[in-house]
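J.: My questions all concern the structure below.
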Amino acid sequence: MTAGKTLTAAAAASELVKLAGQGAYERGVAYYEEGRVARLSVVGDRITARVDGTEAYDVRLRRTPLGFDGACTCPASEGFDFCKHCVAVALAVEARDAVMQSTDADPPEDRIRAYLSGLSSDALIDIVLGALDGSPDLEDRLLMQADVATGALDAKRLKKMITAAMPLRNLWDYRQVAQYFERAKACMAGIESIAPSLAPADLLAAVRHAFSRLEKALERVDDSGGRRWGLQYALHALHRDALARIGWATDDLATYLLDLHLNDPWDTFNEILDEYGEVLGDDGRAAWFAQVRSRLDALPDLPFGASFDESYPYKRLTGILADEARAAGDHDALIELARRTCTSARDRYGIAELYLEQGSLDRALEWLDKGDAAADERSRDHRLRVSVHRAREDWAQAADAQFELFKGSPGLDQYRQLEVLAARAGRGVQLKQLAVDYLRSGPGRDRWHEAARGLTLAAILHADGATAEAAALVDAHARNPQDLVDAAGWFGENDPGQAAEFVARAIEAHIQRKNKGGYRQAVDLLLEQRELFDRTGENRFSEFVTEMRERHKPKRNLQALLDNIEVTGTG
């Protein structure tokens, strides 16, 4: 083809074939796809470029209304034929034109990519070097990539870079802490960019060093804001990459990860199976659990009463196996693990609870008794005993246990449970009297539960018709608005006046918080109890609202809420 031949505006493949011939066209396509076109410059309709072939050849093309015209300095072109180098440059120009057609609506990254694709390599280098002035992190990353390309970067040098990025110094200011971890994350981003080019052993050594530096840094850097998590996430990703490529045997990998987990002061490797499950695979997971069982079996029996430090290594191992057993629903395994580390009354109660969940009620009671034998009176698990006896339908024992539980926590909810169990045991009158006697005798010696005792006794007395004494107890012991509202519920049916008085006190208690939330709760309660106020007398609700207005004239936020009630009648 001569220089007079042109390429159509659509640059169809058939037209390029006509210009250069099938063979030259196919070789030109290969040259373009291999990225051999360099120093592409488009000025108006004039196009110049260099194409690397056997040697470097210069191509000059001109865009005409009919297409491309041009030639190359290679022997095949001889200055006038449209050769494979011309085909490669024509394809590069068309690719550039396609991306340069982006609009303002296109994503910024696409528009920048379109612009950069038309620049020469020298221009691109100038842009990158200019960007380094304001970005030390980018400079570090490019240095790493350059050193990898020249073979100058090894594990030793990587460790030095990590050490420099994570200096050991005392930092308390949150801004300095944030900068510290951002710098460390930037270093890890640089390592991530070259990770595929690093030997897995070198990458692993570098990552382990980074984890070690992080542990030491956390002893001196106040990371209460959790800035380390982003760095830790990046380290785990690099660690997984190194382990996936290093080629260790399954057992060796499981042993390595288990050692990390068991010797982890900062919970960095607390979730091995979640973080490294894909690297381990099914065989690796099986090897992991086998390693745990082997190490647990190698330990001597743990004596009852052993200290925390003595039992900790056991519980680290049994905790791993317990998670596996729980996921599999294997209660027998859970119980065996719990027995392996049973050193206290609380542990014995835990075993009893596992037997209860399993439905082995006799064994549950046996271990419950063992727990009681090792516990003092105040630390006995009466709640668990109630559950065991209820499951056995031993109502008398369940009621007795509930009474002990009630004595430790004499609230109304516990009393209601006692009523139910006492009725089933046929001892309702007896246990009710025991409860009343206990409540009457208790406040003087147990100040912590004085309010609960008084209110529970008030509820019992009100149910028995002793309303005056019940009201006096509420007056003496109600400590918060909800106590007063609950008491109003007892009195509401037979004594709405007393109930409204309790509600009014609850409303005032909310107002005394002196904030918008308290005022809103006061008005909500007022609206909720509107019917109660109306039952105490005609227009009593509106009168009460007026009284509130008078008492709290300076409270503008409260007045605004009351205005809304007055205007709409419903708030």
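Every chain in the structure tokens has a letter given in the order shown (A, B, ...), and although residue numbers restart at 1 in each chain, ligands are simply numbered from 1 in the order shown.
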What's the 12 Å shell around A:Ala298, counting only C-alpha atoms, without same-chain residues fewer than 4 positions away, as a list of chain:residue names?
T.: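 After dropping sequence-adjacent residues, the list is A:Gln291, A:Val292, A:Arg293, A:Ser294, A:Leu302, A:Pro313, A:Tyr314, A:Leu317.
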J.: What would the file look like if the residues just selected were written as a short mmCIF file (atom, residue, chain, number, x, y, z; two decimals), in the first residue's frame with N, CA, C and O atoms?
T.:
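Saved to out-v7.cif:
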data_model
loop_
_atom_site.label_atom_id
_atom_site.label_comp_id
_atom_site.auth_asym_id
_atom_site.auth_seq_id
_atom_site.Cartn_x
_atom_site.Cartn_y
_atom_site.Cartn_z
N GLN A 291 -4.55 -30.44 66.77
CA GLN A 291 -3.44 -29.88 67.54
C GLN A 291 -3.92 -29.41 68.91
O GLN A 291 -3.25 -29.61 69.93
N VAL A 292 -5.09 -28.76 68.93
CA VAL A 292 -5.62 -28.28 70.21
C VAL A 292 -5.89 -29.45 71.14
O VAL A 292 -5.52 -29.42 72.33
N ARG A 293 -6.54 -30.49 70.63
CA ARG A 293 -6.85 -31.65 71.47
C ARG A 293 -5.57 -32.31 71.97
O ARG A 293 -5.48 -32.73 73.13
N SER A 294 -4.58 -32.41 71.11
CA SER A 294 -3.32 -33.03 71.50
C SER A 294 -2.65 -32.26 72.63
O SER A 294 -2.15 -32.86 73.60
N LEU A 302 -6.23 -30.90 86.13
CA LEU A 302 -6.24 -29.62 86.83
C LEU A 302 -6.94 -29.79 88.17
O LEU A 302 -8.10 -30.22 88.22
N PRO A 313 -4.07 -21.70 80.84
CA PRO A 313 -3.68 -22.46 79.64
C PRO A 313 -4.71 -23.52 79.25
O PRO A 313 -4.92 -23.78 78.05
N TYR A 314 -5.36 -24.13 80.24
CA TYR A 314 -6.38 -25.13 79.97
C TYR A 314 -7.59 -24.48 79.30
O TYR A 314 -8.14 -25.00 78.33
N LEU A 317 -7.36 -23.56 75.62
CA LEU A 317 -7.54 -24.70 74.71
C LEU A 317 -8.99 -25.19 74.70
O LEU A 317 -9.56 -25.44 73.64
#
J.: Quick one: distance from atom CA of A:Asp154 to atom CA of A:Leu198 in Å, one decimal?
T.: 8.1 Å
J.: Kindly give the distance, in Å, that separates atom CA of A:Arg392 and atom CA of A:Leu365, rounded to a single decimal.
T.: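 Separating atom CA of A:Arg392 from atom CA of A:Leu365 is a distance of 9.5 Å.
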J.: Taking 6 positions as the minimum chain separation for residues in the same chain, which residues sit within 12 Å of A:Pro303 when counting only C-alpha atoms? Answer as a list in words.
T.: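 My list of contacting residues is Glu310, Ser311, Tyr314, Arg339, Arg340, Thr341, Cys342, Thr343 and Ser344 of chain A.
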J.: Restricting the output to N, CA, C and O atoms, write the selected residues as a PDB file, in the first residue's frame.
T.:
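Okay, part19.pdb is ready:
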ATOM      1  N   GLU A 310      -3.069 -20.823  86.889  1.00  0.00           N
ATOM      2  CA  GLU A 310      -2.887 -22.258  86.652  1.00  0.00           C
ATOM      3  C   GLU A 310      -3.889 -22.790  85.636  1.00  0.00           C
ATOM      4  O   GLU A 310      -3.553 -23.636  84.799  1.00  0.00           O
ATOM      5  N   SER A 311      -5.114 -22.290  85.686  1.00  0.00           N
ATOM      6  CA  SER A 311      -6.164 -22.824  84.803  1.00  0.00           C
ATOM      7  C   SER A 311      -6.220 -22.148  83.437  1.00  0.00           C
ATOM      8  O   SER A 311      -6.819 -22.685  82.504  1.00  0.00           O
ATOM      9  N   TYR A 314      -5.356 -24.127  80.242  1.00  0.00           N
ATOM     10  CA  TYR A 314      -6.379 -25.130  79.967  1.00  0.00           C
ATOM     11  C   TYR A 314      -7.591 -24.475  79.304  1.00  0.00           C
ATOM     12  O   TYR A 314      -8.142 -24.998  78.331  1.00  0.00           O
ATOM     13  N   ARG A 339     -15.825 -30.163  82.491  1.00  0.00           N
ATOM     14  CA  ARG A 339     -15.297 -30.960  83.609  1.00  0.00           C
ATOM     15  C   ARG A 339     -13.768 -30.929  83.622  1.00  0.00           C
ATOM     16  O   ARG A 339     -13.160 -30.992  84.682  1.00  0.00           O
ATOM     17  N   ARG A 340     -13.166 -30.787  82.439  1.00  0.00           N
ATOM     18  CA  ARG A 340     -11.702 -30.772  82.349  1.00  0.00           C
ATOM     19  C   ARG A 340     -11.128 -29.537  83.034  1.00  0.00           C
ATOM     20  O   ARG A 340      -9.990 -29.578  83.529  1.00  0.00           O
ATOM     21  N   THR A 341     -11.898 -28.452  83.088  1.00  0.00           N
ATOM     22  CA  THR A 341     -11.393 -27.201  83.663  1.00  0.00           C
ATOM     23  C   THR A 341     -12.217 -26.761  84.873  1.00  0.00           C
ATOM     24  O   THR A 341     -12.288 -25.566  85.176  1.00  0.00           O
ATOM     25  N   CYS A 342     -12.836 -27.694  85.569  1.00  0.00           N
ATOM     26  CA  CYS A 342     -13.680 -27.366  86.713  1.00  0.00           C
ATOM     27  C   CYS A 342     -12.806 -27.136  87.953  1.00  0.00           C
ATOM     28  O   CYS A 342     -12.214 -28.076  88.480  1.00  0.00           O
ATOM     29  N   THR A 343     -12.739 -25.888  88.406  1.00  0.00           N
ATOM     30  CA  THR A 343     -11.892 -25.562  89.557  1.00  0.00           C
ATOM     31  C   THR A 343     -12.630 -24.786  90.645  1.00  0.00           C
ATOM     32  O   THR A 343     -12.028 -24.399  91.641  1.00  0.00           O
ATOM     33  N   SER A 344     -13.934 -24.508  90.455  1.00  0.00           N
ATOM     34  CA  SER A 344     -14.659 -23.676  91.418  1.00  0.00           C
ATOM     35  C   SER A 344     -16.129 -24.078  91.466  1.00  0.00           C
ATOM     36  O   SER A 344     -16.619 -24.831  90.611  1.00  0.00           O
TER      37      SER A 344
END
J.: Which of these residues is nearest to A:Ile47, using only C-alpha atoms: A:Trp288, A:Tyr312, A:Phe269, A:Phe68?
T.: A:Phe68
J.: Could you tell me which of A:Trp448, A:Phe541, A:Phe211, A:Tyr276 comes closest to A:Leu243 if we count only C-alpha atoms?
T.: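 Counting only C-alpha atoms, the residue closest to A:Leu243 is A:Tyr276.
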J.: Find, counting only C-alpha atoms, the residue in A:Leu434, A:Ile194, A:Leu253, A:Ala165 that gets nearest to A:Leu214.
T.: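 For A:Leu214, the nearest of the given residues is A:Ala165.
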J.: Identify, on the basis of only C-alpha atoms, every residue whose closest approach to A:Gln433 does not exceed 12 Å; exclude the query and any residue fewer than 4 positions from it along the same chain; express the result as a ChimeraX atom specification.
T.: /A:403,415,418-419,422,427-429,437-440,457,460-461,464
J.: Can you tell me, as a PDB file with all heavy atoms, in the first residue's frame, what residues are no more than 9 Å from A:Arg213 when counting only C-alpha atoms, ignoring any on the same chain fewer than 6 positions away?
T.:
ATOM      1  N   ILE A 162       9.862  -0.909  58.035  1.00  0.00           N
ATOM      2  CA  ILE A 162       8.759  -1.047  58.992  1.00  0.00           C
ATOM      3  C   ILE A 162       9.140  -0.426  60.332  1.00  0.00           C
ATOM      4  O   ILE A 162       8.339   0.270  60.967  1.00  0.00           O
ATOM      5  CB  ILE A 162       8.388  -2.532  59.152  1.00  0.00           C
ATOM      6  CG1 ILE A 162       7.761  -3.059  57.859  1.00  0.00           C
ATOM      7  CG2 ILE A 162       7.441  -2.732  60.323  1.00  0.00           C
ATOM      8  CD1 ILE A 162       7.643  -4.553  57.789  1.00  0.00           C
ATOM      9  N   THR A 163      10.369  -0.667  60.764  1.00  0.00           N
ATOM     10  CA  THR A 163      10.842  -0.087  62.017  1.00  0.00           C
ATOM     11  C   THR A 163      10.791   1.432  61.962  1.00  0.00           C
ATOM     12  O   THR A 163      10.385   2.094  62.927  1.00  0.00           O
ATOM     13  CB  THR A 163      12.272  -0.558  62.310  1.00  0.00           C
ATOM     14  OG1 THR A 163      12.279  -1.988  62.435  1.00  0.00           O
ATOM     15  CG2 THR A 163      12.805   0.053  63.590  1.00  0.00           C
ATOM     16  N   MET A 166       7.196   2.680  62.225  1.00  0.00           N
ATOM     17  CA  MET A 166       6.526   2.436  63.503  1.00  0.00           C
ATOM     18  C   MET A 166       7.512   2.626  64.653  1.00  0.00           C
ATOM     19  O   MET A 166       7.868   1.670  65.351  1.00  0.00           O
ATOM     20  CB  MET A 166       5.923   1.020  63.518  1.00  0.00           C
ATOM     21  CG  MET A 166       4.901   0.778  62.420  1.00  0.00           C
ATOM     22  SD  MET A 166       4.366  -0.947  62.302  1.00  0.00           S
ATOM     23  CE  MET A 166       3.494  -1.125  63.853  1.00  0.00           C
ATOM     24  N   PRO A 167       7.970   3.845  64.877  1.00  0.00           N
ATOM     25  CA  PRO A 167       8.913   4.097  65.975  1.00  0.00           C
ATOM     26  C   PRO A 167       8.243   3.859  67.330  1.00  0.00           C
ATOM     27  O   PRO A 167       7.025   4.025  67.462  1.00  0.00           O
ATOM     28  CB  PRO A 167       9.287   5.564  65.789  1.00  0.00           C
ATOM     29  CG  PRO A 167       8.113   6.157  65.075  1.00  0.00           C
ATOM     30  CD  PRO A 167       7.598   5.079  64.178  1.00  0.00           C
ATOM     31  N   LEU A 168       9.032   3.481  68.323  1.00  0.00           N
ATOM     32  CA  LEU A 168       8.505   3.227  69.660  1.00  0.00           C
ATOM     33  C   LEU A 168       8.653   4.493  70.497  1.00  0.00           C
ATOM     34  O   LEU A 168       9.751   4.821  70.952  1.00  0.00           O
ATOM     35  CB  LEU A 168       9.247   2.048  70.306  1.00  0.00           C
ATOM     36  CG  LEU A 168       9.188   0.733  69.529  1.00  0.00           C
ATOM     37  CD1 LEU A 168       9.951  -0.355  70.258  1.00  0.00           C
ATOM     38  CD2 LEU A 168       7.742   0.318  69.266  1.00  0.00           C
TER      39      LEU A 168
END
J.: With only C-alpha atoms as the basis for distance, which of A:Gly281, A:Pro65, A:Gly408, A:Gly53 is at the shortest distance from A:Val37?
T.: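 Answer, going by the shortest atom-to-atom distance: A:Gly53.
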J.: List the neighbours of A:Arg245 out to 10 Å using only C-alpha atoms; skip same-chain residues closer than 4 positions along the sequence, and give me the result as a list of chain:residue names.
T.: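 That gives A:Pro196, A:Ala199, A:Pro200, A:Ala201, A:Leu203, A:Leu204, A:Arg240, A:Asp241, A:Val279.
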J.: Would you save the residues of that selection, restricted to N, CA and C atoms, as a PDB file, in the first residue's frame?
T.:
ATOM      1  N   PRO A 196       3.238  -9.213  45.481  1.00  0.00           N
ATOM      2  CA  PRO A 196       3.324 -10.308  44.507  1.00  0.00           C
ATOM      3  C   PRO A 196       4.737 -10.570  43.999  1.00  0.00           C
ATOM      4  N   ALA A 199       9.394 -12.757  47.614  1.00  0.00           N
ATOM      5  CA  ALA A 199       9.391 -14.165  47.995  1.00  0.00           C
ATOM      6  C   ALA A 199       8.490 -14.321  49.216  1.00  0.00           C
ATOM      7  N   PRO A 200       7.649 -15.356  49.285  1.00  0.00           N
ATOM      8  CA  PRO A 200       6.725 -15.492  50.415  1.00  0.00           C
ATOM      9  C   PRO A 200       7.428 -15.501  51.768  1.00  0.00           C
ATOM     10  N   ALA A 201       8.619 -16.095  51.835  1.00  0.00           N
ATOM     11  CA  ALA A 201       9.349 -16.122  53.110  1.00  0.00           C
ATOM     12  C   ALA A 201       9.759 -14.707  53.522  1.00  0.00           C
ATOM     13  N   LEU A 203       8.192 -11.908  52.613  1.00  0.00           N
ATOM     14  CA  LEU A 203       6.958 -11.218  52.989  1.00  0.00           C
ATOM     15  C   LEU A 203       6.511 -11.634  54.381  1.00  0.00           C
ATOM     16  N   LEU A 204       6.574 -12.932  54.682  1.00  0.00           N
ATOM     17  CA  LEU A 204       6.171 -13.414  56.005  1.00  0.00           C
ATOM     18  C   LEU A 204       7.052 -12.822  57.095  1.00  0.00           C
ATOM     19  N   ARG A 240      -1.985 -13.407  55.343  1.00  0.00           N
ATOM     20  CA  ARG A 240      -2.680 -14.483  54.612  1.00  0.00           C
ATOM     21  C   ARG A 240      -2.037 -14.725  53.256  1.00  0.00           C
ATOM     22  N   ASP A 241      -1.668 -13.642  52.573  1.00  0.00           N
ATOM     23  CA  ASP A 241      -1.032 -13.772  51.257  1.00  0.00           C
ATOM     24  C   ASP A 241       0.267 -14.563  51.366  1.00  0.00           C
ATOM     25  N   VAL A 279      -7.186 -19.911  54.178  1.00  0.00           N
ATOM     26  CA  VAL A 279      -5.803 -20.379  54.009  1.00  0.00           C
ATOM     27  C   VAL A 279      -5.661 -21.806  54.535  1.00  0.00           C
TER      28      VAL A 279
END
J.: Closest to A:Lys315 among A:Ala254, A:Ala327, A:Leu337, A:Val93, using only C-alpha atoms?
T.: A:Leu337
J.: Would you mind writing down, as a PyMOL selection string, each residue of stretch 223-313 of chain A that DSSP on the backbone assigns to helix (DSSP H, G or I)?
T.: chain A and resi 228-246+250-262+272-297+308-313
J.: Would you mind listing what lies within 12 Å of stretch 373-375 of chain A as a count of residues only, with only C-alpha atoms counted and same-chain residues fewer than 5 positions away left out?
T.: 16
